[in-house]
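Engineer: File work-v8.cif below, mmCIF, C-alpha atoms:
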data_my_file
loop_
_atom_site.group_PDB
_atom_site.id
_atom_site.type_symbol
_atom_site.label_atom_id
_atom_site.label_comp_id
_atom_site.auth_asym_id
_atom_site.auth_seq_id
_atom_site.Cartn_x
_atom_site.Cartn_y
_atom_site.Cartn_z
ATOM 1 C CA MET L 61 17.854 18.746 5.814
ATOM 2 C CA SER L 62 18.634 17.283 2.417
ATOM 3 C CA LYS L 63 16.418 15.052 0.322
ATOM 4 C CA GLU L 64 18.884 12.201 0.753
ATOM 5 C CA ASN L 65 18.385 11.824 4.502
ATOM 6 C CA ILE L 66 14.699 12.412 5.080
ATOM 7 C CA SER L 67 11.744 10.076 5.163
ATOM 8 C CA ILE L 68 8.280 10.730 3.801
ATOM 9 C CA HIS L 69 6.990 10.169 7.324
ATOM 10 C CA GLU L 70 8.605 13.444 8.385
ATOM 11 C CA PHE L 71 6.302 15.581 6.250
ATOM 12 C CA GLU L 72 3.084 17.101 7.548
ATOM 13 C CA PHE L 73 0.227 14.625 7.220
ATOM 14 C CA ASP L 74 -2.160 17.127 5.622
ATOM 15 C CA VAL L 75 0.435 18.052 3.001
ATOM 16 C CA ILE L 76 1.016 14.390 2.107
ATOM 17 C CA CYS L 77 -2.734 13.789 1.835
ATOM 18 C CA ASP L 78 -3.234 16.801 -0.400
ATOM 19 C CA TYR L 79 -0.437 15.655 -2.698
ATOM 20 C CA PHE L 80 -1.593 12.058 -3.057
ATOM 21 C CA SER L 81 -5.284 12.914 -3.266
ATOM 22 C CA ARG L 82 -4.418 14.246 -6.708
ATOM 23 C CA THR L 83 -3.393 10.796 -7.990
ATOM 24 C CA GLU L 84 -5.574 7.791 -8.836
ATOM 25 C CA ARG L 85 -3.397 5.489 -6.737
ATOM 26 C CA GLN L 86 -1.442 6.416 -3.638
ATOM 27 C CA GLY L 87 1.169 3.722 -4.267
ATOM 28 C CA PRO L 88 2.459 1.445 -7.017
ATOM 29 C CA GLY L 89 -0.139 -0.945 -8.400
ATOM 30 C CA SER L 90 -2.526 -1.673 -11.230
ATOM 31 C CA ASP L 91 -5.940 -3.163 -11.876
ATOM 32 C CA GLU L 92 -4.182 -6.151 -13.431
ATOM 33 C CA ALA L 93 -2.023 -6.746 -10.335
ATOM 34 C CA THR L 94 -5.048 -6.486 -8.070
ATOM 35 C CA MET L 95 -6.880 -9.014 -10.229
ATOM 36 C CA ARG L 96 -3.899 -11.358 -10.276
ATOM 37 C CA ALA L 97 -3.745 -11.361 -6.478
ATOM 38 C CA LEU L 98 -7.489 -11.948 -6.271
ATOM 39 C CA GLN L 99 -7.144 -15.085 -8.406
ATOM 40 C CA PHE L 100 -5.463 -16.854 -5.465
ATOM 41 C CA VAL L 101 -8.573 -16.341 -3.332
ATOM 42 C CA ASP L 102 -11.484 -18.786 -3.453
ATOM 43 C CA VAL L 103 -14.735 -17.358 -4.789
ATOM 44 C CA LEU L 104 -16.413 -15.121 -2.215
ATOM 45 C CA GLY L 105 -20.185 -14.784 -2.180
ATOM 46 C CA THR L 106 -22.618 -11.973 -1.469
ATOM 47 C CA ASP L 107 -22.317 -12.585 2.271
ATOM 48 C CA ALA L 108 -18.533 -12.030 2.278
ATOM 49 C CA ARG L 109 -17.138 -9.303 4.499
ATOM 50 C CA ILE L 110 -13.933 -7.620 3.358
ATOM 51 C CA ALA L 111 -11.761 -4.852 4.778
ATOM 52 C CA ASP L 112 -9.370 -2.765 2.667
ATOM 53 C CA ILE L 113 -6.969 -1.338 5.230
ATOM 54 C CA GLY L 114 -5.137 1.822 4.216
ATOM 55 C CA CYS L 115 -7.490 2.075 1.260
ATOM 56 C CA GLY L 116 -6.479 5.574 0.158
ATOM 57 C CA THR L 117 -8.915 6.945 -2.408
ATOM 58 C CA GLY L 118 -10.007 3.431 -3.352
ATOM 59 C CA GLY L 119 -8.444 2.743 -6.747
ATOM 60 C CA GLN L 120 -7.882 -0.923 -5.940
ATOM 61 C CA THR L 121 -11.067 -1.167 -3.863
ATOM 62 C CA MET L 122 -13.251 -0.419 -6.845
ATOM 63 C CA VAL L 123 -11.528 -3.264 -8.710
ATOM 64 C CA LEU L 124 -12.402 -5.565 -5.823
ATOM 65 C CA ALA L 125 -15.974 -4.298 -5.797
ATOM 66 C CA ARG L 126 -16.421 -5.096 -9.484
ATOM 67 C CA ASN L 127 -15.240 -8.662 -8.943
ATOM 68 C CA VAL L 128 -16.372 -9.629 -5.447
ATOM 69 C CA PRO L 129 -20.082 -9.350 -4.601
ATOM 70 C CA GLY L 130 -19.645 -9.005 -0.825
ATOM 71 C CA ARG L 131 -19.532 -5.962 1.416
ATOM 72 C CA ILE L 132 -16.290 -3.987 1.542
ATOM 73 C CA THR L 133 -15.203 -1.515 4.210
ATOM 74 C CA GLY L 134 -12.337 0.774 3.312
ATOM 75 C CA ILE L 135 -10.375 2.301 6.174
ATOM 76 C CA ASP L 136 -7.933 5.179 5.983
ATOM 77 C CA LEU L 137 -6.641 7.804 8.386
ATOM 78 C CA ALA L 138 -7.147 10.650 5.896
ATOM 79 C CA PRO L 139 -10.683 12.110 5.769
ATOM 80 C CA ARG L 140 -9.986 13.585 2.330
ATOM 81 C CA PHE L 141 -9.128 10.152 0.946
ATOM 82 C CA ILE L 142 -12.331 8.707 2.398
ATOM 83 C CA ASP L 143 -14.446 11.465 0.859
ATOM 84 C CA ILE L 144 -12.984 10.626 -2.559
ATOM 85 C CA PHE L 145 -13.377 6.896 -1.844
ATOM 86 C CA ASN L 146 -17.096 7.226 -1.114
ATOM 87 C CA ALA L 147 -17.613 9.433 -4.155
ATOM 88 C CA LYS L 148 -15.986 6.723 -6.298
ATOM 89 C CA ALA L 149 -18.218 4.068 -4.743
ATOM 90 C CA ALA L 150 -21.255 6.127 -5.724
ATOM 91 C CA GLU L 151 -19.917 6.707 -9.245
ATOM 92 C CA ASN L 152 -19.329 2.958 -9.629
ATOM 93 C CA GLY L 153 -22.806 2.110 -8.383
ATOM 94 C CA VAL L 154 -21.567 0.104 -5.397
ATOM 95 C CA ALA L 155 -22.207 2.528 -2.533
ATOM 96 C CA ASP L 156 -24.826 0.149 -1.146
ATOM 97 C CA ARG L 157 -22.105 -2.359 -0.212
ATOM 98 C CA VAL L 158 -18.810 -0.445 -0.358
ATOM 99 C CA LYS L 159 -18.166 2.204 2.265
ATOM 100 C CA GLY L 160 -15.087 4.119 3.361
ATOM 101 C CA ILE L 161 -14.611 5.168 6.968
ATOM 102 C CA VAL L 162 -11.937 7.168 8.751
ATOM 103 C CA GLY L 163 -9.945 4.989 11.106
ATOM 104 C CA THR L 164 -6.532 3.693 12.117
ATOM 105 C CA MET L 165 -4.770 0.413 11.490
ATOM 106 C CA GLU L 166 -4.053 0.134 15.197
ATOM 107 C CA GLU L 167 -7.715 0.179 16.234
ATOM 108 C CA LEU L 168 -9.793 -1.585 13.600
ATOM 109 C CA PRO L 169 -13.580 -1.447 14.168
ATOM 110 C CA PHE L 170 -14.295 -5.106 13.493
ATOM 111 C CA GLU L 171 -15.359 -7.994 15.664
ATOM 112 C CA GLU L 172 -13.025 -10.941 16.005
ATOM 113 C CA ALA L 173 -13.377 -13.593 13.308
ATOM 114 C CA SER L 174 -15.790 -11.424 11.319
ATOM 115 C CA LEU L 175 -13.915 -10.897 8.034
ATOM 116 C CA ASP L 176 -13.518 -13.216 5.076
ATOM 117 C CA MET L 177 -10.640 -11.212 3.650
ATOM 118 C CA ILE L 178 -8.285 -8.409 4.635
ATOM 119 C CA TRP L 179 -6.770 -6.475 1.737
ATOM 120 C CA SER L 180 -4.030 -3.857 1.948
ATOM 121 C CA GLU L 181 -2.058 -2.538 -1.023
ATOM 122 C CA GLY L 182 1.121 -0.655 -0.239
ATOM 123 C CA ALA L 183 -0.093 0.476 3.168
ATOM 124 C CA ILE L 184 0.838 -2.088 5.816
ATOM 125 C CA TYR L 185 4.244 -0.430 6.221
ATOM 126 C CA ASN L 186 2.460 2.280 8.228
ATOM 127 C CA ILE L 187 2.026 -0.168 11.098
ATOM 128 C CA GLY L 188 4.828 -2.531 10.064
ATOM 129 C CA PHE L 189 4.426 -5.762 8.123
ATOM 130 C CA GLU L 190 5.037 -8.184 10.966
ATOM 131 C CA ARG L 191 2.937 -6.265 13.474
ATOM 132 C CA GLY L 192 0.122 -5.844 10.971
ATOM 133 C CA ILE L 193 -0.184 -9.471 9.915
ATOM 134 C CA ASN L 194 -0.113 -10.577 13.550
ATOM 135 C CA GLU L 195 -2.611 -8.055 14.921
ATOM 136 C CA TRP L 196 -5.028 -8.241 12.002
ATOM 137 C CA ARG L 197 -5.234 -12.042 12.063
ATOM 138 C CA ARG L 198 -7.801 -12.080 14.880
ATOM 139 C CA PHE L 199 -10.321 -10.252 12.712
ATOM 140 C CA LEU L 200 -10.282 -12.999 10.071
ATOM 141 C CA LYS L 201 -12.602 -15.976 10.103
ATOM 142 C CA PRO L 202 -10.982 -19.435 10.042
ATOM 143 C CA ASP L 203 -9.602 -19.902 6.503
ATOM 144 C CA GLY L 204 -9.975 -16.151 5.885
ATOM 145 C CA TYR L 205 -7.569 -14.501 3.465
ATOM 146 C CA LEU L 206 -4.874 -11.922 3.959
ATOM 147 C CA VAL L 207 -3.716 -10.117 0.797
ATOM 148 C CA VAL L 208 -1.112 -7.370 1.146
ATOM 149 C CA SER L 209 1.544 -5.735 -0.979
ATOM 150 C CA GLU L 210 4.784 -4.834 0.717
ATOM 151 C CA SER L 211 8.117 -3.267 -0.241
ATOM 152 C CA SER L 212 10.638 -6.105 -0.517
ATOM 153 C CA TRP L 213 14.199 -6.736 -1.560
ATOM 154 C CA PHE L 214 14.684 -8.990 -4.571
ATOM 155 C CA THR L 215 18.319 -9.724 -3.738
ATOM 156 C CA ASP L 216 20.342 -10.427 -0.612
ATOM 157 C CA GLU L 217 22.870 -7.757 -1.551
ATOM 158 C CA ARG L 218 22.319 -4.331 -3.124
ATOM 159 C CA PRO L 219 24.147 -1.028 -3.634
ATOM 160 C CA ASP L 220 24.721 1.072 -0.529
ATOM 161 C CA GLU L 221 22.830 4.056 -1.926
ATOM 162 C CA ILE L 222 19.502 2.292 -2.272
ATOM 163 C CA GLU L 223 19.923 0.191 0.873
ATOM 164 C CA GLN L 224 20.578 3.301 2.958
ATOM 165 C CA PHE L 225 17.598 5.110 1.446
ATOM 166 C CA TRP L 226 15.179 2.327 2.351
ATOM 167 C CA LYS L 227 16.806 1.690 5.713
ATOM 168 C CA GLU L 228 15.912 5.259 6.642
ATOM 169 C CA SER L 229 12.479 5.166 4.983
ATOM 170 C CA TYR L 230 11.334 1.687 6.051
ATOM 171 C CA ALA L 231 13.767 -0.288 8.182
ATOM 172 C CA GLU L 232 11.541 -3.390 8.180
ATOM 173 C CA MET L 233 11.963 -3.916 4.437
ATOM 174 C CA ASP L 234 13.340 -7.423 3.815
ATOM 175 C CA THR L 235 13.540 -10.225 1.273
ATOM 176 C CA ILE L 236 10.646 -12.313 0.017
ATOM 177 C CA PRO L 237 11.644 -15.522 1.900
ATOM 178 C CA VAL L 238 11.804 -13.552 5.162
ATOM 179 C CA LYS L 239 8.338 -12.096 4.609
ATOM 180 C CA LEU L 240 6.868 -15.498 3.784
ATOM 181 C CA ALA L 241 8.413 -16.960 6.936
ATOM 182 C CA GLN L 242 6.896 -14.117 8.959
ATOM 183 C CA MET L 243 3.480 -14.929 7.511
ATOM 184 C CA GLN L 244 3.830 -18.584 8.419
ATOM 185 C CA ARG L 245 4.919 -17.774 11.975
ATOM 186 C CA ALA L 246 1.950 -15.435 12.334
ATOM 187 C CA GLY L 247 -0.471 -18.275 11.591
ATOM 188 C CA TYR L 248 -1.072 -18.102 7.848
ATOM 189 C CA LEU L 249 -0.563 -20.624 5.105
ATOM 190 C CA PRO L 250 1.342 -18.676 2.412
ATOM 191 C CA LEU L 251 -0.430 -19.270 -0.892
ATOM 192 C CA ALA L 252 1.470 -17.046 -3.297
ATOM 193 C CA ALA L 253 3.880 -14.172 -3.685
ATOM 194 C CA PHE L 254 4.640 -12.180 -6.806
ATOM 195 C CA ALA L 255 6.426 -8.953 -7.608
ATOM 196 C CA LEU L 256 4.599 -6.067 -9.224
ATOM 197 C CA PRO L 257 5.947 -5.242 -12.700
ATOM 198 C CA GLU L 258 7.755 -1.967 -13.285
ATOM 199 C CA ASN L 259 4.792 -0.363 -15.046
ATOM 200 C CA CYS L 260 2.969 -0.405 -11.699
ATOM 201 C CA TRP L 261 5.605 2.004 -10.422
ATOM 202 C CA LEU L 262 6.394 4.030 -13.525
ATOM 203 C CA ASP L 263 3.178 4.283 -15.545
ATOM 204 C CA ASN L 264 0.715 4.109 -12.661
ATOM 205 C CA PHE L 265 2.507 5.874 -9.814
ATOM 206 C CA TYR L 266 5.429 8.070 -10.793
ATOM 207 C CA VAL L 267 4.395 9.359 -14.231
ATOM 208 C CA PRO L 268 0.936 10.540 -13.050
ATOM 209 C CA GLN L 269 2.643 12.551 -10.327
ATOM 210 C CA ALA L 270 4.037 14.970 -12.910
ATOM 211 C CA SER L 271 0.686 16.686 -13.469
ATOM 212 C CA ALA L 272 -0.239 16.253 -9.807
ATOM 213 C CA ARG L 273 2.939 18.055 -8.750
ATOM 214 C CA LYS L 274 2.142 21.034 -10.942
ATOM 215 C CA ALA L 275 -1.330 21.471 -9.463
ATOM 216 C CA PHE L 276 -0.016 20.760 -5.970
ATOM 217 C CA MET L 277 2.639 23.476 -6.141
ATOM 218 C CA GLN L 278 0.131 25.946 -7.570
ATOM 219 C CA ALA L 279 -1.993 25.284 -4.490
ATOM 220 C CA HIS L 280 1.003 25.733 -2.151
ATOM 221 C CA PRO L 281 3.112 28.570 -3.605
ATOM 222 C CA GLY L 282 6.244 29.206 -1.595
ATOM 223 C CA ASN L 283 5.445 26.424 0.889
ATOM 224 C CA ARG L 284 8.778 24.920 1.911
ATOM 225 C CA THR L 285 7.219 21.689 3.164
ATOM 226 C CA ALA L 286 5.424 21.187 -0.152
ATOM 227 C CA GLU L 287 8.635 21.866 -2.051
ATOM 228 C CA MET L 288 10.524 19.321 0.045
ATOM 229 C CA LEU L 289 7.831 16.681 -0.459
ATOM 230 C CA VAL L 290 7.990 17.118 -4.217
ATOM 231 C CA SER L 291 11.786 16.934 -4.070
ATOM 232 C CA PHE L 292 11.589 13.738 -2.030
ATOM 233 C CA GLN L 293 9.179 12.104 -4.462
ATOM 234 C CA CYS L 294 11.365 13.033 -7.418
ATOM 235 C CA HIS L 295 14.395 11.580 -5.642
ATOM 236 C CA GLU L 296 12.502 8.373 -4.856
ATOM 237 C CA GLU L 297 11.559 8.049 -8.525
ATOM 238 C CA GLU L 298 15.166 8.590 -9.616
ATOM 239 C CA LEU L 299 16.305 5.829 -7.278
ATOM 240 C CA TYR L 300 13.647 3.425 -8.500
ATOM 241 C CA ARG L 301 14.586 3.996 -12.133
ATOM 242 C CA LYS L 302 18.218 3.354 -11.191
ATOM 243 C CA TYR L 303 17.771 0.355 -8.881
ATOM 244 C CA SER L 304 14.457 -1.299 -9.773
ATOM 245 C CA GLN L 305 16.162 -4.675 -10.241
ATOM 246 C CA TYR L 306 16.878 -4.778 -6.510
ATOM 247 C CA TYR L 307 13.479 -4.040 -4.963
ATOM 248 C CA GLY L 308 9.797 -3.447 -5.503
ATOM 249 C CA TYR L 309 6.367 -4.192 -4.165
ATOM 250 C CA VAL L 310 5.445 -7.836 -3.697
ATOM 251 C CA PHE L 311 1.942 -9.195 -3.220
ATOM 252 C CA TYR L 312 1.709 -11.732 -0.401
ATOM 253 C CA ILE L 313 -1.395 -13.920 -0.213
ATOM 254 C CA GLY L 314 -2.062 -16.129 2.776
ATOM 255 C CA ARG L 315 -4.908 -18.023 4.444
ATOM 256 C CA LYS L 316 -5.512 -18.068 8.171
ATOM 257 C CA ILE L 317 -4.876 -21.453 9.794
#
Taking this structure as input, can you express it in the form of structure tokens?
Structural biologist:
Amino acid sequence: MSKENISIHEFEFDVICDYFSRTERQGPGSDEATMRALQFVDVLGTDARIADIGCGTGGQTMVLARNVPGRITGIDLAPRFIDIFNAKAAENGVADRVKGIVGTMEELPFEEASLDMIWSEGAIYNIGFERGINEWRRFLKPDGYLVVSESSWFTDERPDEIEQFWKESYAEMDTIPVKLAQMQRAGYLPLAAFALPENCWLDNFYVPQASARKAFMQAHPGNRTAEMLVSFQCHEEELYRKYSQYYGYVFYIGRKI
């Protein structure tokens, strides 16, 4: 199996978690992008209830915690991520109102209409954008906010190489107008959409992986799966550097109606 025709989903879950637990963020993003998205949300008070779905180790969650006084629950399938998440909450002095729990996107542990905001950076693809925004809506209060970042095409046409790569990795990837229309059909008022700048990918996601890869391979000497994962990530980075004008992550902000 070559690196050109595999998807990250084909790698062992524990190997993926070990690799990405070594990075501050498990996907493209930045504190600045998180803050920009938060600016489209009305001020939330101390009684606000927020869920960060697919929170990873909580890089973006701690930004939310510093700027929103409510209670935040981070949910991720990886126990190792949640351990790091809760350690970060303690280090940031917010463990009294920010807690990470192990759980799945398909079975969220919230009551209907109990959340003021659902946040998910670079993670909704695990359940699928359209499925996620539809199924998660019931957990939001009336006028509650949905804020997600999602891989999106910037153009209607793109080179075959990059289109084929993403078709195999995430077939639901589509253009910004399509995603906004999906939000509206799902029962949200789209408030904003903006693309993450390239530094969110390069400086904050790909470049930090260089040192992470070294430590990762030292921990998995001769492990073929680990070698293939590293090869895949390097290939993904090469493609982004080559075709970044055609795609990227886009923040979508909507309000439940």
Engineer: Would you pick out the contacts of Phe141 (chain L) at 12 Å or less, using all atoms listed in the file, so that residues sharing its chain but fewer than 2 positions from it are not included, and give the list as a PyMOL selection string?
Structural biologist: chain L and resi 74+76-86+114-119+134-139+143-148+160-163
Engineer: Pick from L:Arg284, L:Phe100, L:Glu297, L:Ile110: nearest to Pro268 (chain L), with all atoms listed in the file counted?
Structural biologist: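 Closest candidate: L:Glu297.
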Engineer: Select, from L:Gln244, L:Asn194, L:Ser212, L:Gln305, the residue with the minimum atom-to-atom distance to Ala231 (chain L), counting only C-alpha atoms.
Structural biologist: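 Smallest distance to Ala231 (chain L) is found for L:Ser212.
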Engineer: Measuring atom to atom with only C-alpha atoms, identify which of L:Phe199, L:Tyr248, L:Tyr266, L:Tyr312 is nearest to Glu296 (chain L).
Structural biologist: L:Tyr266
Engineer: Would you mind telling me which residue in L:Leu200, L:Val158, L:Ala183, L:Val267 lies nearest to Phe170 (chain L) when using all atoms listed in the file?
Structural biologist: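 Result for the nearest residue to Phe170 (chain L): L:Leu200.
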